[in-house]
Amino acid sequence: MNLPEALSGLWAYWLLIALMMVGLYIVIARDNLIKKVMGLNIFQAAAILFYVTMAKVEGGTAPIVPGGADHGGGHGGHEIVYSNPLPHVLMLTAIVVGVATTALALALAVRIHGDYGTSEEDEAVVYDMEHG
Amino acid sequence: MIEKILVLEVVLPLLAAPVCVLVRHPRFCRLFSLGVVAACFAIAVALLVEVRGGGVISYQLGGWPPPLGIEYRVSTVNAYLLALVTSMALVVFSFDSRGGPPRVPEQRRHLYYAVFLLCISGLLGIAITGDAFNIFVFLEISSLSSYILVSLGGHRRAVMSAFYYLVMGTIGGVFFMLGVGLLYQATGTLNLRDIAARLEPSLDDRGSVLALALLVVGISIKLAVFPLHHWLPNAYSFAPPKVSAFLAATATKVSFYLLAMVLFTIFGAPFVFEELRLQAVLLPLSILAMFLASGAAIFQNDLRRLLAYSSVAQIGYMTLGLSTANATGLAGGLVHLFNHAVMKGGLFLVVACLLYRVGSVHIDALAGIGRRMPLTSAALVIGGLSLIGVPGTVGFVSKWYLVSGVLERGWTAAAVLILLSSLLALVYVGKVVEVLYFRKPAETQPIDHVREAPLGMLAPAWVLAAAAVFFGLTTDWTYGVAREAAELLLAGGI
């Protein structure tokens, strides 16, 4: 696959890889614990977008079978294309996991602030070196 | 009948956690969680007896047949892990820590037991489920609860360690989730056996190689494979002692199972070890872990940090067994899961006893304690000898089969390095023993008031010390099961 084709056909993937690296960079480069948590959030969001992207079917609609209560099948000759619902469902779980992780991380950050008097990692490291 | 009780293995601790939250009575919660864990252990043993010799028990959740529904599936591999986790949980729960973790006030202690139970159900869930995304969910349940457990240690740095652990663990979890996503993209299914049947990995297929890379790195973070181990020493040395004992004995073991399952069952040994040659990375990293982490352990002055670094080195032995990709070596790695759980769990319980009586496990504070606490110190010596790999202890059994597996593969140098690295273990264990028995206590720190640890603490520690000797002499239920599990994994089954 040549470059233009890779860029145009897979643009969604390029975007979410970029987003993921932004998140990872924030986690590594920022000293502020809250910012680290936000970076982690962006990183997780990119992974969630990955699942959503792969579930998209071109021209697909919401996976609800039309028709009355009497039957579930016939829909007037033309085939309906559905998006894949499964990855979306999985991501509901992943979002819950992400929320729980964020809540816990923020709770720990509050505790750290209480103990160290700072939310900056570098200052906490200095504090540890001074106080043992 | 047995497939009906299989699901209770996960459901019991999962339901017991909210019960603890509702009842709010610390004494009740302690006994209740002990009872639940004992029941889980009984189920795990029943399952192991049932599947030994090649049996498989499967349970379809909600009656939906796989591959559409989620399947709980237990073969020798899973049953071995379930028995390991529940037996260690049982011993740790029976340890009477006299007042719970330092940071939890009496009126909140029921929550501590609830989190502990959630952690257990997460670990058991990973080992039991046959669904890839289900593994991710259980992985996060167990990880989130272990972050909380670690943060409850008394020292200020416990919270910081928990935060680092959370950041690393979450990155690992997301990598795992992405890997599962790519597998789903390639195969259209989440059932592990179905993925294994449909996936045709090849080096030209970028998707499957990327999936493997993401899964291996993600799991390696949770397993603390050598360069990704940074969270472990802090987390284990600042967590409450009981938590360290539990996590050291179980959490990394379940991650190891996950890694073995991904490599052997999903991708298959021929692709991973012949086409991709993963051992070219895994073997050097394992050997580096053995030497650098053991080397770091020698220079630690806090007994818990020393044991934590030793854990990183021991994980190196396990991944070394994995990289041989033959039945003997892999069985050596798998049997080391149980053996290391027994010795390190026991050693961390000894640390808990010492902390309770002496108040510190700094190497200087322990001078001469061998005379004041003879039974506790003796348990420490047995665990230490086992870490070195002295014949008659479980450590010897693991190393024997690891060395045989490595030699079978023709890696003579690696076999020599395993033996050399045992010398490093001799140094760091020797250092502790020397201080305990032969060094005079400092005058500024009189130890006359120090008495032997109470029975409720001593007994669980000694159960594990005795197990370290017992399973060093009889290997049918350890190596026998591990060998069967290894052959099953190499054949691509779970």
# chains A, B, ... in the order shown; residues from 1 in each chain; ligands from 1

$ closest_atom_pairs --of "chain A" --to "chain B" --cutoff "9 Å" --atoms "only C-alpha atoms" --output "tab-separated table"
residue	atom	partner	partner_atom	distance
A:Leu24	CA	B:Ile171	CA	8.5
A:Val27	CA	B:Val167	CA	8.1
A:Leu33	CA	B:Phe163	CA	8.9
A:Lys36	CA	B:Val167	CA	8.3
A:Val37	CA	B:Val167	CA	7.9
A:Leu40	CA	B:Val167	CA	7.3
A:Phe43	CA	B:Val174	CA	8.0
A:Gln44	CA	B:Val174	CA	6.4
A:Ala47	CA	B:Leu178	CA	6.2
A:Ile48	CA	B:Leu178	CA	8.7
A:Phe50	CA	B:Leu178	CA	7.8
A:Tyr51	CA	B:Gly181	CA	6.5
A:Met54	CA	B:Gln185	CA	7.2
A:Ala55	CA	B:Gln185	CA	9.0
A:Pro87	CA	B:Gly181	CA	8.4
A:Leu90	CA	B:Phe133	CA	7.6
A:Thr93	CA	B:Val137	CA	7.7
A:Ala94	CA	B:Val137	CA	7.8
A:Val97	CA	B:Glu140	CA	7.0
A:Gly98	CA	B:Thr170	CA	8.8
A:Ala100	CA	B:Leu144	CA	8.0
A:Thr101	CA	B:Leu144	CA	6.9
A:Leu104	CA	B:Leu144	CA	7.9
A:Ala105	CA	B:Phe163	CA	6.6
A:Leu108	CA	B:Val159	CA	6.4
A:Ala109	CA	B:Phe163	CA	7.6
A:Arg111	CA	B:Val159	CA	7.1
A:Ile112	CA	B:Val159	CA	6.4
A:Asp115	CA	B:Arg156	CA	6.2
A:Tyr116	CA	B:Arg156	CA	7.9
A:Ala124	CA	B:Met160	CA	8.7
A:Asp128	CA	B:Arg157	CA	7.8

$ residues_around --residues "Ser404 (chain B)" --least-positions-apart "5" --cutoff "9 Å" --atoms "only C-alpha atoms" --output "PyMOL selection string"
chain B and resi 328-329+332+399+409+415

$ write_last_selection --atoms "C-alpha atoms" --output "mmCIF file, in the first residue's frame"
data_model
loop_
_atom_site.group_PDB
_atom_site.id
_atom_site.type_symbol
_atom_site.label_atom_id
_atom_site.label_comp_id
_atom_site.auth_asym_id
_atom_site.auth_seq_id
_atom_site.Cartn_x
_atom_site.Cartn_y
_atom_site.Cartn_z
ATOM 1 C CA THR B 328 9.963 -29.626 30.487
ATOM 2 C CA GLY B 329 10.898 -25.946 30.488
ATOM 3 C CA GLY B 332 9.289 -25.759 35.068
ATOM 4 C CA LYS B 399 15.202 -24.897 39.038
ATOM 5 C CA ARG B 409 16.761 -26.875 24.062
ATOM 6 C CA ALA B 415 21.665 -23.270 32.186
#

$ select_by_dssp --residues "region 32-118 of chain A" --states "helix (DSSP H, G or I)" --output "ChimeraX atom specification"
/A:33-55,85-116

$ residues_around --residues "Phe338 (chain B)" --least-positions-apart "6" --cutoff "9 Å" --atoms "only C-alpha atoms" --output "list in words"
Tyr80, Leu81, Leu84, Ala249, Thr250, Lys253, Val394 and Thr478 of chain B

$ residues_around --residues "Ala327 (chain B)" --least-positions-apart "2" --cutoff "10 Å" --atoms "only C-alpha atoms" --output "number ranges by chain"
B: 321-322, 324-325, 329-333, 401, 405, 408, 482-491

$ residues_around --residues "region 289-298 of chain B" --least-positions-apart "5" --cutoff "7 Å" --atoms "only C-alpha atoms" --output "VMD selection string"
chain B and resid 226 306 309 to 310 312 to 314 316 to 317 421 424 to 425 427 to 428

$ closest_residue --among "A:Glu120, A:Pro63, A:Leu16, A:Arg30" --to "Ala45 (chain A)" --atoms "only C-alpha atoms"
A:Leu16

$ residues_around --residues "Ala378 (chain B)" --least-positions-apart "5" --cutoff "12 Å" --atoms "only C-alpha atoms" --output "PyMOL selection string"
chain B and resi 346-347+350+369-373+383-385+432-433+436-437+452+458+461-462+465-466

$ residues_around --residues "Cys119 (chain B)" --least-positions-apart "5" --cutoff "12 Å" --atoms "only C-alpha atoms" --output "VMD selection string"
chain B and resid 10 13 to 14 16 to 17 37 85 to 86 89 112 to 114 124 to 126 138 to 150 243 246 to 247 250 to 251 254

$ write_last_selection --atoms "N, CA, C and O atoms" --output "short mmCIF file (atom, residue, chain, number, x, y, z; two decimals), in the first residue's frame"
data_model
loop_
_atom_site.label_atom_id
_atom_site.label_comp_id
_atom_site.auth_asym_id
_atom_site.auth_seq_id
_atom_site.Cartn_x
_atom_site.Cartn_y
_atom_site.Cartn_z
N VAL B 10 -16.31 -17.77 40.72
CA VAL B 10 -16.20 -16.33 40.54
C VAL B 10 -17.34 -15.60 41.23
O VAL B 10 -17.15 -14.54 41.83
N PRO B 13 -17.14 -14.88 45.52
CA PRO B 13 -16.47 -13.68 46.05
C PRO B 13 -17.05 -12.39 45.50
O PRO B 13 -17.08 -11.36 46.19
N LEU B 14 -17.56 -12.43 44.26
CA LEU B 14 -18.14 -11.23 43.67
C LEU B 14 -19.37 -10.78 44.44
O LEU B 14 -19.60 -9.59 44.64
N ALA B 16 -20.00 -11.77 47.61
CA ALA B 16 -19.65 -11.58 49.01
C ALA B 16 -19.16 -10.17 49.27
O ALA B 16 -19.34 -9.63 50.37
N ALA B 17 -18.55 -9.54 48.23
CA ALA B 17 -18.02 -8.18 48.42
C ALA B 17 -19.12 -7.20 48.81
O ALA B 17 -19.00 -6.52 49.83
N VAL B 37 -13.63 -17.65 50.90
CA VAL B 37 -12.39 -18.07 50.26
C VAL B 37 -12.18 -19.57 50.44
O VAL B 37 -11.73 -20.27 49.52
N VAL B 85 -4.46 -19.68 43.28
CA VAL B 85 -4.97 -18.40 43.81
C VAL B 85 -5.78 -18.63 45.08
O VAL B 85 -5.58 -17.95 46.09
N THR B 86 -6.69 -19.63 45.05
CA THR B 86 -7.55 -19.81 46.22
C THR B 86 -6.77 -20.33 47.42
O THR B 86 -7.05 -19.93 48.56
N ALA B 89 -4.97 -17.39 48.82
CA ALA B 89 -5.92 -16.48 49.43
C ALA B 89 -6.37 -17.01 50.79
O ALA B 89 -6.49 -16.26 51.75
N TYR B 112 -12.36 -2.79 53.32
CA TYR B 112 -11.08 -3.45 53.01
C TYR B 112 -11.31 -4.91 52.61
O TYR B 112 -10.78 -5.38 51.60
N TYR B 113 -12.17 -5.59 53.37
CA TYR B 113 -12.45 -6.99 53.02
C TYR B 113 -13.20 -7.08 51.69
O TYR B 113 -12.96 -7.98 50.89
N ALA B 114 -14.09 -6.11 51.45
CA ALA B 114 -14.84 -6.12 50.19
C ALA B 114 -13.88 -5.98 49.00
O ALA B 114 -13.98 -6.71 48.01
N LEU B 124 -9.60 -14.84 39.81
CA LEU B 124 -10.20 -16.13 39.47
C LEU B 124 -10.90 -16.04 38.12
O LEU B 124 -10.86 -16.99 37.32
N GLY B 125 -11.53 -14.89 37.86
CA GLY B 125 -12.24 -14.71 36.60
C GLY B 125 -11.30 -14.80 35.40
O GLY B 125 -11.63 -15.43 34.39
N ILE B 126 -10.11 -14.18 35.52
CA ILE B 126 -9.15 -14.24 34.43
C ILE B 126 -8.81 -15.70 34.13
O ILE B 126 -8.73 -16.13 32.98
N PHE B 138 -12.15 -8.67 33.85
CA PHE B 138 -11.66 -9.24 35.10
C PHE B 138 -10.27 -8.69 35.44
O PHE B 138 -9.94 -8.47 36.61
N LEU B 139 -9.46 -8.51 34.40
CA LEU B 139 -8.11 -7.96 34.60
C LEU B 139 -8.21 -6.60 35.28
O LEU B 139 -7.47 -6.29 36.22
N GLU B 140 -9.16 -5.79 34.81
CA GLU B 140 -9.30 -4.45 35.38
C GLU B 140 -9.93 -4.50 36.77
O GLU B 140 -9.58 -3.71 37.63
N ILE B 141 -10.84 -5.46 36.99
CA ILE B 141 -11.41 -5.60 38.34
C ILE B 141 -10.30 -5.92 39.33
O ILE B 141 -10.16 -5.28 40.38
N SER B 142 -9.46 -6.88 38.97
CA SER B 142 -8.41 -7.26 39.91
C SER B 142 -7.38 -6.14 40.03
O SER B 142 -6.89 -5.87 41.13
N SER B 143 -7.06 -5.46 38.92
CA SER B 143 -6.06 -4.40 39.00
C SER B 143 -6.55 -3.24 39.84
O SER B 143 -5.85 -2.77 40.74
N LEU B 144 -7.78 -2.77 39.56
CA LEU B 144 -8.30 -1.63 40.32
C LEU B 144 -8.30 -1.94 41.80
O LEU B 144 -7.92 -1.10 42.63
N SER B 145 -8.72 -3.16 42.16
CA SER B 145 -8.76 -3.45 43.59
C SER B 145 -7.35 -3.59 44.15
O SER B 145 -7.12 -3.23 45.31
N SER B 146 -6.38 -4.06 43.33
CA SER B 146 -5.03 -4.11 43.92
C SER B 146 -4.44 -2.71 44.09
O SER B 146 -3.69 -2.50 45.04
N TYR B 147 -4.79 -1.75 43.20
CA TYR B 147 -4.29 -0.38 43.44
C TYR B 147 -4.79 0.11 44.80
O TYR B 147 -4.04 0.71 45.58
N ILE B 148 -6.09 -0.15 45.07
CA ILE B 148 -6.65 0.31 46.34
C ILE B 148 -5.93 -0.36 47.51
O ILE B 148 -5.51 0.28 48.47
N LEU B 149 -5.75 -1.69 47.41
CA LEU B 149 -5.11 -2.43 48.50
C LEU B 149 -3.70 -1.90 48.76
O LEU B 149 -3.29 -1.73 49.91
N VAL B 150 -2.96 -1.62 47.68
CA VAL B 150 -1.59 -1.12 47.86
C VAL B 150 -1.61 0.23 48.56
O VAL B 150 -0.79 0.50 49.44
N VAL B 243 -1.30 -7.66 52.24
CA VAL B 243 -1.57 -7.42 50.82
C VAL B 243 -0.35 -7.80 49.98
O VAL B 243 -0.48 -8.44 48.93
N PHE B 246 -0.30 -11.45 49.58
CA PHE B 246 -1.31 -11.94 48.65
C PHE B 246 -0.95 -11.61 47.20
O PHE B 246 -0.98 -12.48 46.32
N LEU B 247 -0.58 -10.35 46.95
CA LEU B 247 -0.29 -9.96 45.56
C LEU B 247 0.96 -10.68 45.04
O LEU B 247 0.98 -11.14 43.89
N THR B 250 -0.08 -14.18 44.07
CA THR B 250 -1.12 -14.51 43.10
C THR B 250 -1.15 -13.63 41.84
O THR B 250 -1.27 -14.15 40.75
N ALA B 251 -1.04 -12.29 42.02
CA ALA B 251 -1.37 -11.40 40.90
C ALA B 251 -0.47 -11.64 39.69
O ALA B 251 -0.95 -11.81 38.56
N VAL B 254 -1.17 -14.98 37.81
CA VAL B 254 -2.29 -15.02 36.87
C VAL B 254 -1.89 -14.34 35.55
O VAL B 254 -2.26 -14.81 34.46
#

$ decode --residues "region 78-91 of chain A" --atoms "N, CA and C atoms" --output "JSON list (two decimals), in the first residue's frame"
[["chain", "number", "residue", "atom", "x", "y", "z"],
["A", 78, "HIS", "N", -35.25, -4.81, -0.35],
["A", 78, "HIS", "CA", -33.85, -4.39, -0.31],
["A", 78, "HIS", "C", -33.21, -4.77, 1.03],
["A", 79, "GLU", "N", -31.95, -5.14, 0.94],
["A", 79, "GLU", "CA", -31.20, -5.55, 2.13],
["A", 79, "GLU", "C", -30.81, -4.30, 2.93],
["A", 80, "ILE", "N", -30.94, -4.37, 4.24],
["A", 80, "ILE", "CA", -30.47, -3.27, 5.08],
["A", 80, "ILE", "C", -29.09, -3.61, 5.61],
["A", 81, "VAL", "N", -28.18, -2.63, 5.54],
["A", 81, "VAL", "CA", -26.84, -2.84, 6.06],
["A", 81, "VAL", "C", -26.78, -2.28, 7.49],
["A", 82, "TYR", "N", -26.29, -3.12, 8.39],
["A", 82, "TYR", "CA", -26.20, -2.69, 9.78],
["A", 82, "TYR", "C", -24.76, -2.47, 10.18],
["A", 83, "SER", "N", -24.53, -1.52, 11.10],
["A", 83, "SER", "CA", -23.23, -1.42, 11.75],
["A", 83, "SER", "C", -23.11, -2.56, 12.77],
["A", 84, "ASN", "N", -21.86, -2.88, 13.10],
["A", 84, "ASN", "CA", -21.64, -3.98, 14.03],
["A", 84, "ASN", "C", -21.88, -3.49, 15.46],
["A", 85, "PRO", "N", -22.90, -4.01, 16.15],
["A", 85, "PRO", "CA", -23.20, -3.48, 17.49],
["A", 85, "PRO", "C", -22.26, -3.98, 18.58],
["A", 86, "LEU", "N", -21.61, -5.11, 18.35],
["A", 86, "LEU", "CA", -20.87, -5.74, 19.44],
["A", 86, "LEU", "C", -19.75, -4.85, 20.00],
["A", 87, "PRO", "N", -18.87, -4.28, 19.14],
["A", 87, "PRO", "CA", -17.81, -3.43, 19.70],
["A", 87, "PRO", "C", -18.36, -2.26, 20.50],
["A", 88, "HIS", "N", -19.51, -1.71, 20.06],
["A", 88, "HIS", "CA", -20.09, -0.61, 20.83],
["A", 88, "HIS", "C", -20.44, -1.07, 22.24],
["A", 89, "VAL", "N", -21.04, -2.26, 22.31],
["A", 89, "VAL", "CA", -21.42, -2.79, 23.62],
["A", 89, "VAL", "C", -20.19, -3.00, 24.49],
["A", 90, "LEU", "N", -19.14, -3.55, 23.86],
["A", 90, "LEU", "CA", -17.91, -3.77, 24.62],
["A", 90, "LEU", "C", -17.39, -2.45, 25.17],
["A", 91, "MET", "N", -17.50, -1.41, 24.35],
["A", 91, "MET", "CA", -16.94, -0.12, 24.79],
["A", 91, "MET", "C", -17.73, 0.50, 25.92]]
